[in-house]
file final_16.cif (mmCIF, C-alpha atoms)
data_run
loop_
_atom_site.label_atom_id
_atom_site.label_comp_id
_atom_site.auth_asym_id
_atom_site.auth_seq_id
_atom_site.Cartn_x
_atom_site.Cartn_y
_atom_site.Cartn_z
CA MET A 25 -5.96 -24.54 7.72
CA ASN A 26 -9.66 -24.94 8.42
CA GLU A 27 -10.90 -28.22 6.84
CA THR A 28 -14.58 -27.61 7.71
CA ILE A 29 -17.03 -28.83 5.07
CA TYR A 30 -19.11 -25.76 4.32
CA ASN A 31 -22.70 -25.64 3.13
CA PHE A 32 -22.55 -23.18 0.25
CA SER A 33 -25.54 -21.00 -0.55
CA GLU A 34 -27.14 -21.16 -3.99
CA GLU A 35 -25.54 -17.81 -4.82
CA GLU A 36 -22.11 -19.16 -3.86
CA ARG A 37 -22.61 -22.33 -5.86
CA ILE A 38 -23.37 -20.28 -8.95
CA ARG A 39 -20.52 -17.85 -8.24
CA TYR A 40 -17.89 -20.61 -8.07
CA ALA A 41 -19.47 -23.04 -10.58
CA ARG A 42 -16.77 -22.70 -13.27
CA GLN A 43 -14.15 -23.39 -10.62
CA THR A 44 -15.77 -26.24 -8.72
CA ILE A 45 -16.50 -28.12 -11.94
CA LEU A 46 -12.75 -28.74 -12.18
CA PRO A 47 -12.11 -32.27 -10.86
CA MET A 48 -8.94 -31.18 -9.04
CA ILE A 49 -10.89 -28.54 -7.09
CA GLY A 50 -14.52 -29.56 -6.74
CA GLN A 51 -16.58 -28.82 -3.65
CA LYS A 52 -13.80 -30.08 -1.38
CA GLY A 53 -11.28 -27.68 -2.87
CA GLN A 54 -13.74 -24.82 -2.71
CA ALA A 55 -14.33 -25.59 0.95
CA ARG A 56 -10.57 -25.42 1.52
CA LEU A 57 -10.47 -22.03 -0.18
CA LYS A 58 -13.35 -20.79 1.98
CA GLY A 59 -11.60 -22.02 5.11
CA ALA A 60 -8.26 -20.46 4.13
CA ARG A 61 -6.72 -17.37 5.68
CA ILE A 62 -4.21 -15.56 3.46
CA LEU A 63 -2.26 -12.44 4.39
CA LEU A 64 -1.09 -10.04 1.69
CA VAL A 65 1.69 -7.78 2.90
CA GLY A 66 1.45 -4.79 0.59
CA ALA A 67 -1.68 -3.56 -1.20
CA GLY A 68 0.13 -1.95 -4.11
CA GLY A 69 1.36 -3.13 -7.49
CA LEU A 70 2.24 -6.70 -6.54
CA GLY A 71 -0.59 -6.99 -4.05
CA SER A 72 -3.39 -5.80 -6.33
CA SER A 73 -3.84 -8.70 -8.73
CA PRO A 74 -3.55 -11.53 -6.17
CA ALA A 75 -5.98 -9.70 -3.88
CA ILE A 76 -8.53 -9.40 -6.68
CA TYR A 77 -8.25 -12.97 -7.91
CA LEU A 78 -8.07 -14.58 -4.47
CA ALA A 79 -11.19 -12.69 -3.42
CA ALA A 80 -12.91 -13.79 -6.61
CA ALA A 81 -11.79 -17.39 -6.01
CA GLY A 82 -13.55 -17.44 -2.65
CA ILE A 83 -10.74 -17.28 -0.09
CA GLY A 84 -12.49 -17.06 3.26
CA THR A 85 -10.28 -14.48 4.94
CA ILE A 86 -7.86 -12.07 3.31
CA GLY A 87 -5.62 -9.92 5.46
CA LEU A 88 -4.18 -6.69 4.04
CA ALA A 89 -1.16 -5.06 5.68
CA ASP A 90 0.04 -1.71 4.30
CA ALA A 91 0.78 1.60 5.99
CA ASP A 92 0.75 3.73 2.82
CA LYS A 93 -1.85 5.94 1.20
CA VAL A 94 -2.80 5.93 -2.47
CA SER A 95 -0.85 8.41 -4.60
CA LEU A 96 -1.22 9.42 -8.24
CA SER A 97 1.97 7.65 -9.34
CA ASN A 98 0.59 4.32 -8.00
CA LEU A 99 -2.29 4.16 -10.42
CA HIS A 100 -0.55 2.87 -13.54
CA ARG A 101 0.06 -0.48 -11.83
CA GLN A 102 -1.90 -0.64 -8.57
CA ILE A 103 -5.23 -1.65 -10.09
CA LEU A 104 -7.02 -2.02 -6.76
CA HIS A 105 -7.06 1.77 -6.48
CA TYR A 106 -8.86 4.44 -8.49
CA THR A 107 -8.19 8.14 -9.06
CA SER A 108 -10.87 8.97 -6.49
CA ASP A 109 -8.89 6.98 -3.89
CA ILE A 110 -5.85 9.31 -3.88
CA ASP A 111 -4.77 10.05 -0.28
CA LYS A 112 -6.97 7.23 1.04
CA PRO A 113 -5.21 4.46 3.04
CA LYS A 114 -4.47 1.62 0.64
CA VAL A 115 -5.93 -1.04 2.91
CA ILE A 116 -9.24 0.83 3.08
CA SER A 117 -9.34 1.39 -0.67
CA ALA A 118 -8.50 -2.28 -1.28
CA GLN A 119 -11.08 -3.50 1.22
CA GLU A 120 -13.82 -1.53 -0.53
CA LYS A 121 -13.00 -3.01 -3.95
CA LEU A 122 -12.66 -6.59 -2.70
CA LYS A 123 -16.01 -6.49 -0.90
CA HIS A 124 -17.61 -5.35 -4.16
CA ILE A 125 -15.96 -8.27 -5.97
CA ASN A 126 -17.04 -10.87 -3.42
CA PRO A 127 -19.11 -9.97 -0.35
CA HIS A 128 -18.55 -13.48 1.09
CA VAL A 129 -14.85 -12.78 1.74
CA HIS A 130 -13.87 -11.49 5.17
CA ILE A 131 -11.28 -8.70 4.87
CA VAL A 132 -8.97 -7.85 7.78
CA THR A 133 -6.92 -4.65 7.51
CA TYR A 134 -3.66 -3.66 9.19
CA GLN A 135 -2.84 -0.03 8.45
CA GLU A 136 0.68 -0.37 9.76
CA LYS A 137 4.14 -1.29 8.58
CA LEU A 138 5.30 -4.79 9.40
CA ASN A 139 8.24 -4.75 11.81
CA ALA A 140 10.10 -7.07 14.15
CA ASN A 141 7.71 -6.26 16.99
CA ASN A 142 4.40 -6.93 15.24
CA ALA A 143 5.25 -9.36 12.40
CA GLN A 144 4.78 -12.63 14.24
CA SER A 145 1.58 -11.56 15.98
CA ILE A 146 0.04 -10.46 12.65
CA LEU A 147 1.23 -13.44 10.61
CA ALA A 148 0.39 -16.04 13.25
CA GLY A 149 -3.31 -16.23 12.42
CA TYR A 150 -2.82 -17.03 8.74
CA ASP A 151 -2.19 -20.15 6.65
CA LEU A 152 -0.07 -18.51 3.99
CA VAL A 153 1.64 -15.16 3.38
CA ILE A 154 2.05 -13.34 0.06
CA ASP A 155 4.78 -10.72 -0.16
CA GLY A 156 3.49 -7.80 -2.19
CA THR A 157 5.94 -5.24 -0.83
CA ASP A 158 8.74 -5.53 -3.42
CA ASN A 159 10.87 -4.15 -0.63
CA LEU A 160 14.00 -5.99 0.50
CA PRO A 161 13.96 -5.24 4.25
CA SER A 162 10.32 -6.32 4.43
CA ARG A 163 11.03 -9.45 2.37
CA TYR A 164 13.74 -10.66 4.75
CA LEU A 165 11.48 -9.88 7.72
CA ILE A 166 8.58 -11.83 6.16
CA ASN A 167 10.86 -14.75 5.29
CA ASP A 168 12.27 -14.98 8.80
CA ALA A 169 8.90 -14.57 10.52
CA CYS A 170 7.34 -17.24 8.29
CA PHE A 171 10.21 -19.62 9.03
CA PHE A 172 9.72 -19.24 12.78
CA LEU A 173 5.95 -19.70 12.38
CA LYS A 174 6.33 -22.60 9.88
CA LEU A 175 4.26 -20.75 7.27
CA PRO A 176 4.69 -20.78 3.48
CA PHE A 177 5.71 -17.44 1.97
CA ILE A 178 5.03 -16.66 -1.70
CA PHE A 179 7.64 -14.29 -3.03
CA GLY A 180 7.22 -11.86 -5.90
CA GLY A 181 9.60 -9.22 -7.16
CA VAL A 182 9.64 -6.81 -10.11
CA HIS A 183 12.23 -4.62 -11.77
CA GLN A 184 11.54 -2.63 -14.95
CA PHE A 185 10.42 -5.32 -17.46
CA GLU A 186 11.32 -8.35 -15.34
CA GLY A 187 9.53 -10.23 -12.60
CA GLN A 188 10.25 -13.17 -10.30
CA CYS A 189 8.11 -15.57 -8.31
CA SER A 190 8.75 -18.49 -5.94
CA ILE A 191 7.56 -20.15 -2.73
CA PHE A 192 9.67 -20.47 0.38
CA GLY A 193 8.35 -22.55 3.22
CA PRO A 194 8.12 -25.84 5.06
CA GLY A 195 9.77 -28.65 3.15
CA GLY A 196 11.90 -26.40 0.97
CA PRO A 197 14.58 -23.73 1.04
CA CYS A 198 14.01 -20.32 2.58
CA TYR A 199 14.69 -16.98 0.91
CA ARG A 200 18.09 -16.78 2.62
CA CYS A 201 19.19 -20.04 1.00
CA PHE A 202 19.24 -18.12 -2.28
CA PHE A 203 19.85 -14.53 -1.14
CA ARG A 204 21.91 -14.89 2.05
CA GLU A 205 22.11 -11.25 3.06
CA MET A 206 20.53 -8.03 1.87
CA PRO A 207 22.74 -6.00 -0.49
CA PRO A 208 23.45 -2.30 0.18
CA ALA A 209 20.54 -0.07 -0.76
CA GLU A 210 22.56 1.85 -3.32
CA GLU A 211 23.01 -1.37 -5.29
CA MET A 212 19.28 -2.10 -5.42
CA PRO A 213 17.19 0.78 -6.83
CA SER A 214 13.49 0.67 -6.10
CA CYS A 215 10.79 0.85 -8.78
CA ALA A 216 10.47 4.54 -7.84
CA GLU A 217 14.00 4.98 -9.15
CA ALA A 218 14.44 2.25 -11.77
CA GLY A 219 10.84 2.23 -13.01
CA VAL A 220 8.50 -0.64 -13.75
CA VAL A 221 6.01 -1.29 -16.54
CA GLY A 222 2.57 -1.68 -14.96
CA VAL A 223 1.66 -5.09 -16.36
CA VAL A 224 4.70 -6.85 -14.85
CA PRO A 225 3.58 -6.67 -11.19
CA GLY A 226 0.13 -7.72 -12.42
CA ILE A 227 1.54 -10.81 -14.13
CA ILE A 228 3.76 -11.76 -11.20
CA GLY A 229 0.92 -11.12 -8.75
CA LEU A 230 -1.28 -13.50 -10.73
CA MET A 231 1.43 -16.16 -10.46
CA GLN A 232 1.46 -15.61 -6.70
CA ALA A 233 -2.33 -16.05 -6.59
CA ASN A 234 -2.06 -19.21 -8.67
CA GLU A 235 0.51 -20.69 -6.29
CA ALA A 236 -1.67 -19.77 -3.31
CA ILE A 237 -4.68 -21.57 -4.78
CA LYS A 238 -2.58 -24.65 -5.56
CA TRP A 239 -1.13 -24.65 -2.04
CA ILE A 240 -4.53 -24.32 -0.39
CA CYS A 241 -6.19 -26.92 -2.63
CA LYS A 242 -3.17 -29.25 -2.45
CA ILE A 243 -2.94 -29.62 -6.21
CA GLY A 244 -0.35 -29.30 -8.96
CA GLU A 245 3.41 -28.76 -8.83
CA LEU A 246 4.38 -25.86 -6.62
CA LEU A 247 7.22 -23.39 -7.13
CA LEU A 248 8.87 -24.70 -3.99
CA GLY A 249 12.61 -24.79 -4.71
CA ARG A 250 12.10 -23.10 -8.07
CA LEU A 251 12.49 -19.42 -8.97
CA LEU A 252 10.43 -18.44 -12.00
CA ILE A 253 11.71 -15.41 -13.94
CA PHE A 254 9.63 -13.53 -16.50
CA ASP A 255 11.07 -11.19 -19.14
CA ALA A 256 8.25 -9.05 -20.50
CA LEU A 257 10.31 -7.60 -23.36
CA CYS A 258 10.83 -10.95 -25.04
CA ALA A 259 7.80 -12.71 -23.47
CA ARG A 260 9.90 -15.57 -22.09
CA TRP A 261 9.92 -17.49 -18.84
CA ARG A 262 12.96 -19.24 -17.38
CA GLU A 263 13.50 -21.20 -14.20
CA ILE A 264 16.29 -21.43 -11.64
CA LYS A 265 16.49 -24.26 -9.13
CA ILE A 266 16.94 -23.25 -5.50
CA LYS A 267 18.42 -25.82 -3.18
CA LYS A 268 18.17 -25.86 0.58
CA ASP A 269 21.49 -24.56 1.88
CA PRO A 270 22.88 -26.52 4.87
CA SER A 271 24.92 -23.43 5.83
CA CYS A 272 21.94 -21.06 5.68
CA PRO A 273 22.02 -18.79 8.77
CA LEU A 274 18.27 -19.24 9.24
CA CYS A 275 17.22 -22.75 8.18
CA GLY A 276 20.61 -24.48 7.97
CA THR A 277 22.05 -27.15 10.22
CA HIS A 278 23.79 -24.60 12.46
CA PRO A 279 21.57 -21.49 12.38
CA THR A 280 22.86 -18.18 13.67
CA ILE A 281 19.57 -16.29 13.27
CA LYS A 282 17.40 -17.39 16.16
CA THR A 283 15.23 -14.34 16.80
CA LEU A 284 13.28 -12.02 14.56
CA ASP A 285 15.12 -8.85 13.59
CA GLU A 286 14.77 -6.36 10.79
CA TYR A 287 17.07 -4.54 8.46
CA THR A 288 17.18 -0.77 8.26
CA TRP A 289 17.75 0.17 4.66
CA GLN A 290 19.65 3.42 4.62
CA CYS A 291 21.80 4.48 1.72
CA THR A 292 25.40 4.72 2.94
CA THR A 293 28.79 5.49 1.46
CA GLN A 294 32.30 4.73 2.57
CA ALA A 295 33.05 8.26 3.77
CA LYS A 296 36.11 8.96 5.84
CA LYS A 297 35.46 9.55 9.51
CA SER A 298 37.55 12.73 9.28
CA SER A 299 34.92 14.34 7.02
CA PRO A 300 33.83 17.66 8.54
CA LEU A 301 30.18 16.84 7.85
CA GLN A 302 28.03 13.84 8.63
CA ASP A 303 27.25 11.52 5.72
CA ASP A 304 23.46 11.77 5.98
CA ILE A 305 20.86 14.19 7.26
CA THR A 306 17.11 13.98 7.65
CA VAL A 307 14.67 16.28 5.88
CA GLN A 308 13.99 17.99 9.22
CA GLU A 309 17.69 18.80 9.55
CA LEU A 310 17.77 20.02 5.95
CA LYS A 311 14.82 22.33 6.64
CA LEU A 312 16.64 23.90 9.60
CA LEU A 313 19.76 24.40 7.51
CA LYS A 314 17.80 25.98 4.66
CA ASP A 315 16.05 28.35 7.06
CA ASN A 316 19.42 29.55 8.37
CA GLN A 317 21.43 29.32 5.14
CA PRO A 318 19.42 30.70 2.20
CA ASP A 319 22.34 30.05 -0.19
CA LEU A 320 22.67 26.35 0.81
CA TYR A 321 23.58 24.25 -2.26
CA LEU A 322 20.98 21.52 -2.68
CA LEU A 323 21.68 19.15 -5.57
CA ASP A 324 18.66 17.28 -6.94
CA VAL A 325 19.79 14.27 -9.00
CA ARG A 326 16.35 13.12 -10.19
CA GLU A 327 15.24 13.31 -13.82
CA GLN A 328 13.63 16.37 -15.39
CA TYR A 329 10.14 14.83 -15.46
CA GLU A 330 10.35 14.14 -11.71
CA TRP A 331 11.53 17.69 -11.05
CA ASP A 332 8.56 19.00 -13.04
CA ILE A 333 6.18 17.10 -10.72
CA ALA A 334 7.68 18.38 -7.45
CA HIS A 335 10.90 20.06 -6.34
CA ILE A 336 12.28 22.11 -3.48
CA GLU A 337 12.63 25.80 -4.19
CA GLY A 338 16.24 26.83 -4.65
CA ALA A 339 17.53 23.35 -5.50
CA HIS A 340 19.82 22.73 -8.49
CA LEU A 341 18.82 19.97 -10.92
CA ILE A 342 21.58 17.75 -12.33
CA PRO A 343 20.21 14.26 -13.06
CA LEU A 344 22.38 11.36 -11.98
CA SER A 345 22.27 10.12 -15.58
CA VAL A 346 24.38 13.12 -16.71
CA LEU A 347 26.28 13.85 -13.51
CA GLU A 348 29.60 12.43 -14.74
CA GLU A 349 29.57 14.87 -17.67
CA THR A 350 28.37 17.96 -15.78
CA PHE A 351 29.63 17.65 -12.19
CA GLU A 352 32.29 20.35 -12.61
CA GLU A 353 29.63 23.06 -12.33
CA ILE A 354 29.00 21.98 -8.73
CA PRO A 355 30.94 24.19 -6.26
CA LYS A 356 33.76 22.64 -4.24
CA ASP A 357 34.05 25.49 -1.76
CA LYS A 358 30.79 24.82 0.09
CA PRO A 359 28.78 21.84 1.41
CA VAL A 360 26.64 20.05 -1.16
CA TYR A 361 23.42 18.33 -0.08
CA CYS A 362 22.27 15.55 -2.46
CA LEU A 363 18.59 14.72 -2.89
CA CYS A 364 16.59 12.29 -5.03
CA LYS A 365 13.24 10.46 -4.74
CA ILE A 366 13.98 8.34 -1.65
CA GLY A 367 17.77 8.36 -1.15
CA GLY A 368 19.30 5.71 -3.43
CA ARG A 369 20.41 7.83 -6.39
CA SER A 370 21.57 10.65 -4.13
CA ALA A 371 23.79 8.18 -2.25
CA ARG A 372 25.34 7.13 -5.56
CA ALA A 373 25.84 10.78 -6.48
CA GLN A 374 27.44 11.35 -3.10
CA ALA A 375 29.88 8.49 -3.64
CA PHE A 376 30.75 9.70 -7.16
CA LEU A 377 31.37 13.29 -6.10
CA LYS A 378 33.61 12.16 -3.25
CA SER A 379 35.60 10.11 -5.73
CA GLN A 380 36.12 13.33 -7.70
CA GLY A 381 37.60 15.17 -4.72
CA TYR A 382 34.51 16.77 -3.21
CA GLY A 383 34.83 16.70 0.57
CA ASN A 384 31.58 18.08 1.97
CA ILE A 385 28.88 15.93 0.36
CA VAL A 386 25.80 15.01 2.39
CA ASN A 387 22.95 12.68 1.44
CA VAL A 388 19.37 13.68 2.33
CA LYS A 389 17.69 10.55 3.71
CA GLY A 390 14.22 9.86 2.35
CA GLY A 391 14.59 12.42 -0.44
CA ILE A 392 11.71 14.39 -1.90
CA HIS A 393 9.30 11.68 -0.71
CA ALA A 394 10.17 12.39 2.93
CA TRP A 395 10.13 16.14 2.27
CA THR A 396 6.56 16.02 0.94
CA GLU A 397 5.48 13.74 3.80
CA GLU A 398 7.14 15.61 6.67
CA ILE A 399 7.93 19.17 5.60
CA ASP A 400 5.76 20.37 2.71
CA PRO A 401 2.58 18.27 2.15
CA SER A 402 1.43 20.79 -0.46
CA LEU A 403 3.91 19.35 -2.96
CA PRO A 404 2.53 16.58 -5.19
CA HIS A 405 3.31 12.99 -4.24
CA TYR A 406 4.49 10.70 -7.00
#

call {"tool": "encode", "arguments": {"input": "final_16.cif", "output": "structure tokens"}}
result
Amino acid sequence: MNETIYNFSEEERIRYARQTILPMIGQKGQARLKGARILLVGAGGLGSSPAIYLAAAGIGTIGLADADKVSLSNLHRQILHYTSDIDKPKVISAQEKLKHINPHVHIVTYQEKLNANNAQSILAGYDLVIDGTDNLPSRYLINDACFFLKLPFIFGGVHQFEGQCSIFGPGGPCYRCFFREMPPAEEMPSCAEAGVVGVVPGIIGLMQANEAIKWICKIGELLLGRLLIFDALCARWREIKIKKDPSCPLCGTHPTIKTLDEYTWQCTTQAKKSSPLQDDITVQELKLLKDNQPDLYLLDVREQYEWDIAHIEGAHLIPLSVLEETFEEIPKDKPVYCLCKIGGRSARAQAFLKSQGYGNIVNVKGGIHAWTEEIDPSLPHY
């Protein structure tokens, strides 16, 4: 981290006056903040509040990495983006807001998805990384890349009314010490499927920003080795200790992970190899089938309100929440193609139907999200 002693302008001195008056920060701490380079991976719900408050605090360089565009369903929690930003790349929308908040902050944008090929080259120029993806494959990738680069990684996660925050980095355990391997996708619904109340990612993101400021200024007690859990419904915090695991495959005494790799998160089921159909198809393959088989049975297992926003013509709606009571209306004498928002619920529907004796059940990878992205962009995104 850059330890240069900066000469602040009069405007900057006034801007940061309520912060620099704190004895634990002062001009020296403010200089550390100005010299700091922080990368936020994800400019959505978790990334919004730390981006805003770190820019306001005077972080010198903020990197924003996100390949997505703003959609209407983002706006209840992704406060960096406005209604007028719909369909705009998130990093561009975020950059515009942050420059309005503090023109002294240098914003670097990466309109691309972090992967095993680019992660280390992007992360290498930063002092600290904040995970705002709330996406398990990306989280393991960030953790591993930060370990190899000896960078601290501030973790945040949200689920419905609950949020979590911790730091993994030099001197403490890594993310794999606590969560060794990634669970199957069908066991971990995303916020698109499980839902999230908008204030929770804001609260957790603020905790991430707070930890970043403490780390940069070298003050306070960090969340290193501690997982903080917030329950919004009862307004309570609790803490879990995380110990460094000597058998950790990444940071343990005999590591087995020595190069950067990435998980592919595809919803799978334990289908028999003798099944006459493949377990999964892409939306492109589904489109070809629909064009040639007008009576194809497409089962949409999303909820009614999601169906009302966007659906594929000719599909049959049976929400996963009522599937166990209504599945008998689904034909057994023809292939059934299961679809949801992104693939998690449809994989669970696929597994359930197979357990009930259905043989030809196929999951549509990427769900309606992939369909609107790749096949029919005229459908609303949500």

call {"tool": "atom_distance", "arguments": {"input": "final_16.cif", "atom1": "CA of Leu247 in chain A", "atom2": "CA of Asp158 in chain A"}}
result
18.3 Å

call {"tool": "resolve_selection", "arguments": {"input": "final_16.cif", "expression": "the PyMOL selection byres ((chain A and resi 76) around 10)", "output": "MDAnalysis selection string"}}
result
chainID A and resid 71:75 77:81 103:104 118 121:123 125:126 229:230 233

call {"tool": "resolve_selection", "arguments": {"input": "final_16.cif", "expression": "the PyMOL selection byres ((chain A and resi 255) around 10)", "output": "ChimeraX atom specification"}}
result
/A:183-188,224,253-254,256-262

call {"tool": "closest_residue", "arguments": {"input": "final_16.cif", "among": "A:Cys272, A:Ile333, A:Ala339, A:Asp400", "to": "Leu96 in chain A", "atoms": "all atoms listed in the file"}}
result
A:Ile333

call {"tool": "closest_atom_pairs", "arguments": {"input": "final_16.cif", "of": "range 35-149 of chain A", "to": "range 176-179 of chain A", "cutoff": "12 Å", "atoms": "all atoms listed in the file", "output": "CSV"}}
result
residue,atom,partner,partner_atom,distance
A:Ile62,CA,A:Phe177,CA,10.2
A:Leu63,CA,A:Phe177,CA,9.7
A:Leu64,CA,A:Ile178,CA,9.6
A:Val65,CA,A:Phe177,CA,10.5
A:Gly66,CA,A:Phe179,CA,11.9
A:Leu70,CA,A:Phe179,CA,10.0
A:Gly71,CA,A:Phe179,CA,11.0
A:Pro74,CA,A:Ile178,CA,11.0
A:Leu147,CA,A:Phe177,CA,10.5
A:Ala148,CA,A:Pro176,CA,11.7

call {"tool": "atom_distance", "arguments": {"input": "final_16.cif", "atom1": "CA of Asp151 in chain A", "atom2": "CA of Ala60 in chain A"}}
result
6.6 Å

call {"tool": "closest_residue", "arguments": {"input": "final_16.cif", "among": "A:Lys267, A:Lys314, A:Lys238, A:Arg200", "to": "Gln54 in chain A", "atoms": "all atoms listed in the file"}}
result
A:Lys238

call {"tool": "resolve_selection", "arguments": {"input": "final_16.cif", "expression": "the PyMOL selection byres ((chain A and resi 355) around 12)", "output": "PyMOL selection string"}}
result
chain A and resi 320-323+340+350-354+356-361+377+381-385

call {"tool": "atom_distance", "arguments": {"input": "final_16.cif", "atom1": "CA of Tyr134 in chain A", "atom2": "CA of Leu246 in chain A"}}
result
28.4 Å

call {"tool": "closest_residue", "arguments": {"input": "final_16.cif", "among": "A:Leu312, A:Ile38, A:Lys365, A:Gly219", "to": "Glu397 in chain A", "atoms": "all atoms listed in the file"}}
result
A:Lys365

call {"tool": "residues_around", "arguments": {"input": "final_16.cif", "residues": "Ala334 in chain A", "least_positions_apart": "5", "cutoff": "9 Å", "atoms": "all atoms listed in the file", "output": "ChimeraX atom specification"}}
result
/A:392,396,403-406

call {"tool": "residues_around", "arguments": {"input": "final_16.cif", "residues": "Glu235 in chain A", "least_positions_apart": "4", "cutoff": "10 Å", "atoms": "only C-alpha atoms", "output": "count of residues only"}}
result
17

call {"tool": "residues_near_point", "arguments": {"input": "final_16.cif", "point": "(15.7, 13.5, -13.8)", "cutoff": "8 Å", "atoms": "only C-alpha atoms", "output": "ChimeraX atom specification"}}
result
/A:325-331,341-345

call {"tool": "closest_residue", "arguments": {"input": "final_16.cif", "among": "A:Ile116, A:Tyr106, A:Tyr164, A:Pro47", "to": "Leu284 in chain A", "atoms": "only C-alpha atoms"}}
result
A:Tyr164

call {"tool": "residues_near_point", "arguments": {"input": "final_16.cif", "point": "(15.1, -27.5, -5.1)", "cutoff": "12 Å", "atoms": "all atoms listed in the file", "output": "NGL selection string"}}
result
:A and (190-193 or 195-198 or 201-202 or 246-251 or 263-269)

call {"tool": "build_atoms", "arguments": {"input": "final_16.cif", "residues": "range 319-338 of chain A", "atoms": "N, CA and C atoms", "output": "PDB file, in the frame of the given file"}}
result
ATOM      1  N   ASP A 319      21.542  30.390   0.979  1.00  0.00           N
ATOM      2  CA  ASP A 319      22.340  30.050  -0.190  1.00  0.00           C
ATOM      3  C   ASP A 319      22.845  28.607  -0.164  1.00  0.00           C
ATOM      4  N   LEU A 320      22.278  27.765   0.713  1.00  0.00           N
ATOM      5  CA  LEU A 320      22.670  26.350   0.810  1.00  0.00           C
ATOM      6  C   LEU A 320      22.572  25.694  -0.579  1.00  0.00           C
ATOM      7  N   TYR A 321      23.570  24.887  -0.940  1.00  0.00           N
ATOM      8  CA  TYR A 321      23.580  24.250  -2.260  1.00  0.00           C
ATOM      9  C   TYR A 321      22.925  22.870  -2.155  1.00  0.00           C
ATOM     10  N   LEU A 322      21.721  22.780  -2.694  1.00  0.00           N
ATOM     11  CA  LEU A 322      20.980  21.520  -2.680  1.00  0.00           C
ATOM     12  C   LEU A 322      20.971  20.965  -4.092  1.00  0.00           C
ATOM     13  N   LEU A 323      21.563  19.797  -4.269  1.00  0.00           N
ATOM     14  CA  LEU A 323      21.680  19.150  -5.570  1.00  0.00           C
ATOM     15  C   LEU A 323      20.617  18.073  -5.720  1.00  0.00           C
ATOM     16  N   ASP A 324      19.723  18.253  -6.654  1.00  0.00           N
ATOM     17  CA  ASP A 324      18.660  17.280  -6.940  1.00  0.00           C
ATOM     18  C   ASP A 324      19.097  16.446  -8.137  1.00  0.00           C
ATOM     19  N   VAL A 325      19.254  15.134  -7.938  1.00  0.00           N
ATOM     20  CA  VAL A 325      19.790  14.270  -9.000  1.00  0.00           C
ATOM     21  C   VAL A 325      18.694  13.432  -9.671  1.00  0.00           C
ATOM     22  N   ARG A 326      17.427  13.812  -9.506  1.00  0.00           N
ATOM     23  CA  ARG A 326      16.350  13.120 -10.190  1.00  0.00           C
ATOM     24  C   ARG A 326      16.299  13.538 -11.667  1.00  0.00           C
ATOM     25  N   GLU A 327      15.399  12.951 -12.418  1.00  0.00           N
ATOM     26  CA  GLU A 327      15.240  13.310 -13.820  1.00  0.00           C
ATOM     27  C   GLU A 327      14.330  14.525 -13.963  1.00  0.00           C
ATOM     28  N   GLN A 328      14.387  15.147 -15.144  1.00  0.00           N
ATOM     29  CA  GLN A 328      13.630  16.370 -15.390  1.00  0.00           C
ATOM     30  C   GLN A 328      12.130  16.175 -15.152  1.00  0.00           C
ATOM     31  N   TYR A 329      11.585  15.042 -15.610  1.00  0.00           N
ATOM     32  CA  TYR A 329      10.140  14.830 -15.460  1.00  0.00           C
ATOM     33  C   TYR A 329       9.748  14.736 -13.994  1.00  0.00           C
ATOM     34  N   GLU A 330      10.640  14.214 -13.145  1.00  0.00           N
ATOM     35  CA  GLU A 330      10.350  14.140 -11.710  1.00  0.00           C
ATOM     36  C   GLU A 330      10.408  15.534 -11.094  1.00  0.00           C
ATOM     37  N   TRP A 331      11.400  16.300 -11.505  1.00  0.00           N
ATOM     38  CA  TRP A 331      11.530  17.690 -11.050  1.00  0.00           C
ATOM     39  C   TRP A 331      10.280  18.485 -11.384  1.00  0.00           C
ATOM     40  N   ASP A 332       9.746  18.264 -12.599  1.00  0.00           N
ATOM     41  CA  ASP A 332       8.560  19.000 -13.040  1.00  0.00           C
ATOM     42  C   ASP A 332       7.349  18.680 -12.169  1.00  0.00           C
ATOM     43  N   ILE A 333       7.302  17.479 -11.595  1.00  0.00           N
ATOM     44  CA  ILE A 333       6.180  17.100 -10.720  1.00  0.00           C
ATOM     45  C   ILE A 333       6.291  17.812  -9.372  1.00  0.00           C
ATOM     46  N   ALA A 334       7.484  17.782  -8.780  1.00  0.00           N
ATOM     47  CA  ALA A 334       7.680  18.380  -7.450  1.00  0.00           C
ATOM     48  C   ALA A 334       9.167  18.632  -7.227  1.00  0.00           C
ATOM     49  N   HIS A 335       9.496  19.787  -6.711  1.00  0.00           N
ATOM     50  CA  HIS A 335      10.900  20.060  -6.340  1.00  0.00           C
ATOM     51  C   HIS A 335      10.945  21.096  -5.225  1.00  0.00           C
ATOM     52  N   ILE A 336      12.080  21.164  -4.579  1.00  0.00           N
ATOM     53  CA  ILE A 336      12.280  22.110  -3.480  1.00  0.00           C
ATOM     54  C   ILE A 336      12.833  23.409  -4.051  1.00  0.00           C
ATOM     55  N   GLU A 337      12.217  24.497  -3.683  1.00  0.00           N
ATOM     56  CA  GLU A 337      12.630  25.800  -4.190  1.00  0.00           C
ATOM     57  C   GLU A 337      14.096  26.063  -3.848  1.00  0.00           C
ATOM     58  N   GLY A 338      14.830  26.508  -4.847  1.00  0.00           N
ATOM     59  CA  GLY A 338      16.240  26.830  -4.650  1.00  0.00           C
ATOM     60  C   GLY A 338      17.196  25.696  -4.946  1.00  0.00           C
TER      61      GLY A 338
END
